[in-house]
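Chemist: Can you read through this structure? Questions will come right after.
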Amino acid sequence: MKNSINHDLSQYPLKLEGDHVPMVRFQNVTKKYGSLVVLDGLNLDVAEGEMVTIIGPSGSGKTTVLRMLMTLETIDSGVIYVDGEPLTHMEKNGRLVRANAAHLRLIRSKIGMCFQHFNLFPHMTALGNCVEGPMQVLGLSKREAEERALELLDLVGMADKRDQHPSRLSGGQQQRVAIARALAMRPKVMLFDEVTSALDPEVISEVTGVIRGLVDQHNLTMLMVTHQIGFAREISDRICLFFDGKIEEQGSPERLLDNPQNERTQQFLSAVLEAN
Amino acid sequence: MADWKFNFTWEILPRLLLAAGNTILAAGGGYAVAVVLGLVLVLAQRTRSRTLTFIVRELVEFIRSTPLLLQIFFIFYVGPQFGLRLSPWAAGLIAIGLHYAAYLSEVYRGGIESVPKGQWEAARAINLSTVTTYRRIIIPQALPPALAGMGNYLVGIFKDTPMLSVIGVAELMHTANSIGAENFRYLEPYTIVGLIFLAISLPTAWLIRRFETALRRKMGLTR
Amino acid sequence: MPYLEFLTTYSSRFIDGTLMTLGQFGLAALVAIAAALVSGLMKMAHSKTVRAIAVVYIEIFRGTSLLVQLYWFYFVLPLFGFTLEKFTVGFLTVGLCYGAYGAELVRGAIQSVPRGQWEAALALNMSPAKRMQRIILPQALVAILPPWGNLMIEILKGTALVALISVADLMFETRQVNNNTYLSAQAFGTALIIYYIFARFMVTPVMRWLERVMARKIGRT
């Protein structure tokens with residue numbers, strides 16, 4: 001997080017307090033690549049246990065939102081809060097300064113992410129992938145980690161494939177293992193970055209089924225970027241349409257999809273419907 | 001016309017085989033230094049300090065662009081000029097180790113860069129530390145593509161050991177020269193040395209290829 | 001003796017040595033290219049004997065040390081009736097040694113030309129020789145240049161060994177200067193810098209320029 005514009009951080013609270021503190025807050029977040037503005041003063045709150053889907057045309061900044069939350073990208077201005085504490089910044093002598101690596105690792109532990117291309121570790125089995133984080137980071141013993149991993153693999157329906165390497169698994173199977181791997185770290189926030197975009201149509205339901213199960217059973221806060229509008233309608237509490245690095249419009253699935261107010265929202269939705 | 005003297009051959013063979021042991025020792029020692037130092041060099045190029053990256057990068061380029069023989073002379077003779085005396089073995093091992101560390105660092109770099117970016121991101125997503133990420137995720141995947149290069153350089157180091165003869169290390173070339181000078185016969189010593197090199201380098205190269213295939217299979221990487 | 005004075009005093013030595021090294025390098029490179037082409041093509045021939053000869057050449061020169069080869073050709077070959085000038089032994093041996101490595105590059109490059117090119121040439125009823133010359137080799141040339149660039153630097157470094165059979169190249173002259181003055185840092189340091197300048201600022205840019213020229217010639221920008 002070195003190359004940044006110095007800006008006035010005194011306007012941002014050191015901690016979020018009060019009732020109903022959002023699990024995730026983007027406050028005035030801007031992200032640029034050179035002169036290209038990808039996120040433009042974004043303000044977004046996600047409540048605990050809420051399921052938010054982000055849709056929008058490519059280049060609108062939706063994936064960047066997830067990647068910044070996962071600290072895969074640096075922030076240029078603004079502050080991101082997770083569970084009431086700043087993620088991108090930390091407190092020093094009563095003021096906010098840029099977070100150092102140690103602080104990032106601390107807060108990052110609350111967030112888990114699944115990727116479009118799964119990114120399973122190819123030299124480990126499905127079980128191996130799922131125990132890696134718990135053992136190396138959380139300090140669980142092999143027995144404890146395996147117990148937890150098997151539970152989760154069972155949850156995603158991959159228990160019988162636990163000793164297989166990713167190269168032996170289909171895309172849908174790999175993505176399900178990836179979800180188990182992320183859940184093994186017991187995150188408070190789960191991020192899904194176009195997790196079905198690289199799958200054959202027949203196996204998409206394998207993965208959406210697992211995610212649906214998570215919504216019902218766990219009090220997880222979830223952020224999802226997807227093109228699957230139908231699925232988004234089904235499980236989201238809120239859908240946000242991104243355009244040019246800002247939220248164009250947001251609301252409940254029924255409100256946004258059936259009754260879009262803004263012209264750009266209407267254009268995008270009709271284009272998407274046509275494509276399907 | 002030359003004729004091969006077998007009596008002479010048997011006479012000098014023990015001495016040459018002993019020297020072969022020294023050659024293998026020198027090659028093995030140099031390689032061990034190079035393997036470790038090479039890793040240091042490549043990791044130094046991946047830190048966030050741009051100065052360090054630049055300096056190490058230029059150093060690696062410099063070492064790879066200049067003759068090993070010259071580097072051996074430099075390390076052996078420059079020390080005494082400033083009061084530091086190095087034994088031929090020490091100077092030789094340092095020179096060979098440094099030279100091949102530069103090459104190996106490039107091999108390692110190729111291996112590390114061949115690991116897909118998504119692996120780094122997945123490791124970060126489960127909050128693995130940088131050290132753990134390198135140790136458990138990146139290096140195991142960087143190794144198979146790097147092994148071919150590493151094996152080639154093992155054979156290469158072995159073939160470069162004769163250069164140490166010029167600073168007095170008693171390996172194969174040095175011994176053959178001595179035998180030749182003592183007996184005024186060079187045919188047998190030089191030919192035997194050539195054959196010994198073949199006898200060691202060809203099987204080693206073959207073994208390395210087999211080891212690489214086996215390791216790749218064991219780690220489940222189908223590429 | 002300050003460095004500048006050192007340079008001016010011994011400049012003629014260094015220059016003579018450098019010129020000799022360049023000569024050795026140029027000739028060795030030509031030998032290597034020729035040997036690589038011939039043996040690389042031989043290795044892809046139909047005849048088993050032809051292939052075997054190429055393999056023997058390649059394995060012997062790749063399996064033994066360049067220094068051993070130099071000594072062998074200089075001291076042992078005369079015993080079989082072939083006495084060569086040490087200058088000739090120098091570039092010939094270096095060229096043959098690195099030509100053996102180049103053979104593998106030639107083979108790889110030719111095989112990297114898409115199968116469809118061979119078939120198209122056949123469909124036009126070209127003879128094998130014409131096909132190789134007009135269609136395959138030009139395309140293989142682009143593929144071969146990058147690794148060949150590295151090989152050229154290895155050849156340049158390899159020529160340093162000819163000093164050990166008393167060819168008066170840069171390595172040889174530098175050693176003489178060192179023996180006379182005991183100013184090892186200055187002597188060997190200067191030589192290192194000269195080799196570095198040639199490798200980094202002459203050989204590499206020329207090879208890159210060649211790559212661009214060839215790529216343009218076959219229509220790849």
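Residue numbers start at 1 in each chain; chains themselves are named A, B, ... in the order of the structure tokens; ligands are numbered from 1 in the order shown.
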Please list as a VMD selection string every residue within 12 Å of Met113 of chain A, counting only C-alpha atoms and excluding residues in the same chain fewer than 5 positions away.

Modeler: (chain A and resid 63 66 to 72 108 118 to 120 175 178 to 195 221 to 225) or (chain B and resid 118 121 to 127)

Chemist: Would you please give, as a ChimeraX atom specification, all residues of segment 103-233 of chain A that DSSP assigns to alpha helix (DSSP H) based on the backbone?

Modeler: /A:103-108,126-136,142-155,171-183,201-217,229-233

Chemist: Per residue of chain B within 10 Å of chain C, record the nearest atom pair and its distance in Å to one decimal, counting only C-alpha atoms, with rows in chain order and ascending residue number, as CSV.

Modeler:
residue,atom,partner,partner_atom,distance
B:Met1,CA,C:Phe80,CA,5.3
B:Ala2,CA,C:Leu79,CA,5.2
B:Asp3,CA,C:Leu79,CA,8.7
B:Glu61,CA,C:Arg200,CA,8.3
B:Phe62,CA,C:Tyr196,CA,6.4
B:Ile63,CA,C:Tyr196,CA,8.7
B:Arg64,CA,C:Ile153,CA,8.8
B:Ser65,CA,C:Tyr196,CA,5.6
B:Thr66,CA,C:Tyr195,CA,5.7
B:Pro67,CA,C:Lys157,CA,4.6
B:Leu68,CA,C:Lys157,CA,7.7
B:Leu69,CA,C:Ala160,CA,7.2
B:Leu70,CA,C:Phe188,CA,6.9
B:Gln71,CA,C:Leu192,CA,7.8
B:Ile72,CA,C:Phe188,CA,9.9
B:Phe73,CA,C:Phe188,CA,7.4
B:Phe74,CA,C:Phe188,CA,5.7
B:Ile75,CA,C:Ala185,CA,9.1
B:Phe76,CA,C:Ser184,CA,9.3
B:Tyr77,CA,C:Ser184,CA,5.8
B:Val78,CA,C:Ala185,CA,5.2
B:Gly79,CA,C:Ala185,CA,8.6
B:Pro80,CA,C:Ser184,CA,8.9
B:Gln81,CA,C:Ser184,CA,6.8
B:Phe82,CA,C:Ala185,CA,9.2
B:Val155,CA,C:Gly63,CA,8.3
B:Gly156,CA,C:Ser65,CA,8.5
B:Ile157,CA,C:Ser65,CA,9.7
B:Phe158,CA,C:Ser65,CA,8.4
B:Lys159,CA,C:Ser65,CA,4.6
B:Asp160,CA,C:Ser65,CA,6.4
B:Thr161,CA,C:Ser65,CA,8.5
B:Pro162,CA,C:Leu67,CA,6.7
B:Met163,CA,C:Leu67,CA,7.3
B:Val166,CA,C:Leu164,CA,8.5
B:Leu172,CA,C:Val68,CA,9.6
B:Met173,CA,C:Val68,CA,7.2
B:Ala176,CA,C:Val68,CA,9.8
B:Asn177,CA,C:Tyr71,CA,9.3
B:Gly180,CA,C:Phe75,CA,9.9
B:Arg185,CA,C:Val76,CA,9.1
B:Tyr186,CA,C:Val76,CA,6.4
B:Leu187,CA,C:Val76,CA,5.3
B:Glu188,CA,C:Val76,CA,8.9
B:Pro189,CA,C:Trp72,CA,9.6
B:Tyr190,CA,C:Trp72,CA,6.0
B:Thr191,CA,C:Trp72,CA,7.2
B:Val193,CA,C:Val68,CA,7.6
B:Gly194,CA,C:Thr64,CA,6.1
B:Leu195,CA,C:Thr64,CA,8.1
B:Ile196,CA,C:Thr64,CA,8.7
B:Phe197,CA,C:Thr64,CA,5.5
B:Leu198,CA,C:Gly63,CA,5.2
B:Ala199,CA,C:Gly63,CA,8.6
B:Ile200,CA,C:Gly63,CA,8.5
B:Ser201,CA,C:Gly63,CA,5.7
B:Leu202,CA,C:Gly63,CA,6.2
B:Pro203,CA,C:Gly63,CA,9.9
B:Ala205,CA,C:Gly63,CA,9.1

Chemist: Return as a JSON list (two decimals) with C-alpha atoms, in the first residue's frame the residues belonging to chain B that are within 12 Å of chain A, counting only C-alpha atoms.

Modeler:
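Result file is selection_29.json:
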[["chain", "number", "residue", "atom", "x", "y", "z"],
["B", 48, "ARG", "CA", 9.57, -4.53, -2.42],
["B", 49, "SER", "CA", 12.85, -2.64, -2.29],
["B", 115, "VAL", "CA", 3.02, -20.54, -11.12],
["B", 116, "PRO", "CA", -0.37, -18.99, -12.01],
["B", 117, "LYS", "CA", -1.20, -15.70, -10.35],
["B", 118, "GLY", "CA", -4.38, -17.25, -8.98],
["B", 119, "GLN", "CA", -2.33, -19.41, -6.64],
["B", 120, "TRP", "CA", -0.94, -16.32, -4.92],
["B", 121, "GLU", "CA", -4.45, -14.94, -4.64],
["B", 122, "ALA", "CA", -5.90, -18.15, -3.25],
["B", 123, "ALA", "CA", -3.12, -18.29, -0.67],
["B", 124, "ARG", "CA", -3.91, -14.75, 0.37],
["B", 125, "ALA", "CA", -7.62, -15.56, 0.51],
["B", 126, "ILE", "CA", -6.92, -18.16, 3.22],
["B", 127, "ASN", "CA", -4.54, -15.73, 4.88],
["B", 128, "LEU", "CA", -1.30, -17.68, 4.50],
["B", 129, "SER", "CA", 1.80, -15.66, 5.41],
["B", 130, "THR", "CA", 4.29, -14.81, 2.67],
["B", 131, "VAL", "CA", 6.81, -17.32, 3.96],
["B", 132, "THR", "CA", 4.21, -20.08, 4.16],
["B", 133, "THR", "CA", 2.91, -19.20, 0.70],
["B", 135, "ARG", "CA", 7.14, -22.71, 1.22],
["B", 136, "ARG", "CA", 3.87, -24.66, 0.82],
["B", 137, "ILE", "CA", 2.28, -23.34, -2.35],
["B", 138, "ILE", "CA", 4.68, -21.59, -4.72],
["B", 139, "ILE", "CA", 7.98, -23.45, -4.47],
["B", 140, "PRO", "CA", 6.41, -26.93, -4.76],
["B", 141, "GLN", "CA", 4.79, -25.82, -8.01],
["B", 142, "ALA", "CA", 7.84, -23.92, -9.21],
["B", 143, "LEU", "CA", 10.11, -26.93, -8.75],
["B", 144, "PRO", "CA", 9.15, -29.34, -11.60],
["B", 215, "LEU", "CA", 8.51, -36.07, -9.35],
["B", 216, "ARG", "CA", 6.01, -34.53, -11.70],
["B", 217, "ARG", "CA", 3.86, -37.64, -11.57],
["B", 218, "LYS", "CA", 4.06, -37.86, -7.78],
["B", 219, "MET", "CA", 2.89, -34.33, -7.29],
["B", 220, "GLY", "CA", -0.19, -34.85, -9.37],
["B", 221, "LEU", "CA", 0.71, -32.21, -11.91],
["B", 222, "THR", "CA", -0.34, -33.51, -15.26],
["B", 223, "ARG", "CA", 1.42, -30.88, -17.32]]

Chemist: If we count only C-alpha atoms and set the cut-off at 12 Å, which residues sit around Leu52 of chain B, ignoring sequence neighbours fewer than 6 positions away in its own chain? Please answer as a ChimeraX atom specification.

Modeler: /B:41-46,58-59

Chemist: Rounded to one decimal in Å, what is the spacing between atom CA of Val272 of chain A and atom CA of Leu257 of chain A?

Modeler: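 Pair atom CA of Val272 of chain A / atom CA of Leu257 of chain A returns 11.2 Å.
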
Chemist: Work out how far apart atom CA of Arg25 of chain A and atom CA of Glu73 of chain A are and give it in Å to one decimal.

Modeler: 16.4 Å

Chemist: Within 6 Å of Thr23 of chain B, counting only C-alpha atoms, which residues show up once you throw out same-chain ones fewer than 3 positions away? Write them as a list in words, please.

Modeler: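 Contacts, with the query itself left out: Ala20, Ala26 and Glu171 of chain B.
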
Chemist: So that I can check the surroundings of Leu9 of chain A, please list as an NGL selection string every protein, DNA and RNA residue that reaches within 9 Å of it, counting only C-alpha atoms and ignoring chain neighbours fewer than 4 positions away.

Modeler: :A and (13 or 78-79 or 95-97)

Chemist: What separation in Å, quoted to one decimal, exists between atom CA of Ala121 of chain C and atom CA of Gly99 of chain C?

Modeler: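 Those two atoms sit 28.6 Å apart.
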
Chemist: Write out as a PyMOL selection string which residues come within 7 Å of segment 83-93 of chain C when counting only C-alpha atoms, dropping same-chain ones fewer than 3 positions away.

Modeler: chain C and resi 24+27-28+31+69-70+73-74+77-78+96-97+162+165+167

Chemist: So that I have them on file, write out the residues from the current selection with C-alpha atoms, as a PDB file, in the first residue's frame.

Modeler:
ATOM      1  CA  GLN C  24      38.028 -16.272 -32.062  1.00  0.00           C
ATOM      2  CA  LEU C  27      34.959 -17.744 -36.245  1.00  0.00           C
ATOM      3  CA  ALA C  28      33.741 -20.008 -33.447  1.00  0.00           C
ATOM      4  CA  VAL C  31      31.606 -23.031 -36.895  1.00  0.00           C
ATOM      5  CA  GLN C  69      38.405 -30.932 -25.593  1.00  0.00           C
ATOM      6  CA  LEU C  70      40.839 -28.063 -26.163  1.00  0.00           C
ATOM      7  CA  PHE C  73      42.715 -31.398 -29.839  1.00  0.00           C
ATOM      8  CA  TYR C  74      45.901 -29.451 -29.169  1.00  0.00           C
ATOM      9  CA  LEU C  77      45.389 -34.849 -32.234  1.00  0.00           C
ATOM     10  CA  PRO C  78      48.919 -34.247 -33.568  1.00  0.00           C
ATOM     11  CA  LEU C  96      32.198 -27.649 -32.345  1.00  0.00           C
ATOM     12  CA  CYS C  97      31.473 -27.709 -28.611  1.00  0.00           C
ATOM     13  CA  VAL C 162      41.741 -20.745 -25.518  1.00  0.00           C
ATOM     14  CA  ILE C 165      46.440 -23.317 -24.945  1.00  0.00           C
ATOM     15  CA  VAL C 167      46.280 -18.250 -27.747  1.00  0.00           C
TER      16      VAL C 167
END

Chemist: If DSSP is run on the backbone, what residues of segment 37-229 of chain A are strand (DSSP E)? A reply as a VMD selection string would be ideal.

Modeler: chain A and resid 37 to 46 51 to 55 77 to 82 85 to 86 89 to 92 95 to 98 111 to 114 189 to 193 221 to 225

Chemist: Please produce a file of the residues just selected, as a compact mmCIF listing (two decimals), in the first residue's frame, where the atoms kept are C-alpha atoms.

Modeler:
# COMPACT_ATOMS: atom_id res chain seq x y z
CA VAL A 37 -10.88 5.47 -12.33
CA VAL A 38 -12.26 2.04 -11.50
CA LEU A 39 -14.10 2.90 -8.28
CA ASP A 40 -15.28 6.42 -7.84
CA GLY A 41 -15.97 7.49 -4.25
CA LEU A 42 -17.91 4.31 -3.51
CA ASN A 43 -20.17 4.18 -0.47
CA LEU A 44 -21.56 0.75 0.31
CA ASP A 45 -22.79 -0.86 3.52
CA VAL A 46 -23.44 -4.57 3.93
CA MET A 51 -26.55 -11.42 0.90
CA VAL A 52 -25.64 -8.74 -1.65
CA THR A 53 -25.23 -9.42 -5.35
CA ILE A 54 -23.33 -7.01 -7.56
CA ILE A 55 -24.16 -6.89 -11.25
CA SER A 77 -8.56 6.96 -1.07
CA GLY A 78 -11.32 6.30 1.42
CA VAL A 79 -11.55 3.61 4.09
CA ILE A 80 -12.97 0.09 4.13
CA TYR A 81 -14.32 -1.21 7.44
CA VAL A 82 -14.89 -4.86 8.30
CA GLU A 85 -12.73 -2.06 12.39
CA PRO A 86 -10.85 -0.40 9.56
CA HIS A 89 -6.08 1.51 7.69
CA MET A 90 -5.20 1.14 11.31
CA GLU A 91 -5.07 3.23 14.44
CA LYS A 92 -1.79 4.78 15.50
CA ARG A 95 -5.25 8.63 14.29
CA LEU A 96 -5.83 6.55 11.23
CA VAL A 97 -2.82 5.61 9.15
CA ARG A 98 -2.30 3.11 6.30
CA ILE A 111 -12.88 -12.65 4.90
CA GLY A 112 -12.94 -15.61 2.57
CA MET A 113 -13.06 -15.64 -1.24
CA CYS A 114 -13.88 -17.99 -4.07
CA VAL A 189 -17.69 -12.53 5.11
CA MET A 190 -17.68 -14.72 2.00
CA LEU A 191 -16.89 -13.29 -1.42
CA PHE A 192 -17.91 -15.04 -4.64
CA ASP A 193 -16.23 -13.63 -7.75
CA THR A 221 -22.42 -12.11 5.20
CA MET A 222 -22.01 -12.65 1.48
CA LEU A 223 -21.03 -10.55 -1.51
CA MET A 224 -21.41 -12.07 -4.92
CA VAL A 225 -20.51 -10.89 -8.41

Chemist: Considering only C-alpha atoms, return as an NGL selection string whatever protein or nucleic-acid residues lie within 12 Å of Ala45 of chain C, sequence-local ones (same chain, fewer than 6 positions apart) excluded.

Modeler: :C and (38-39 or 51-55 or 107 or 128)
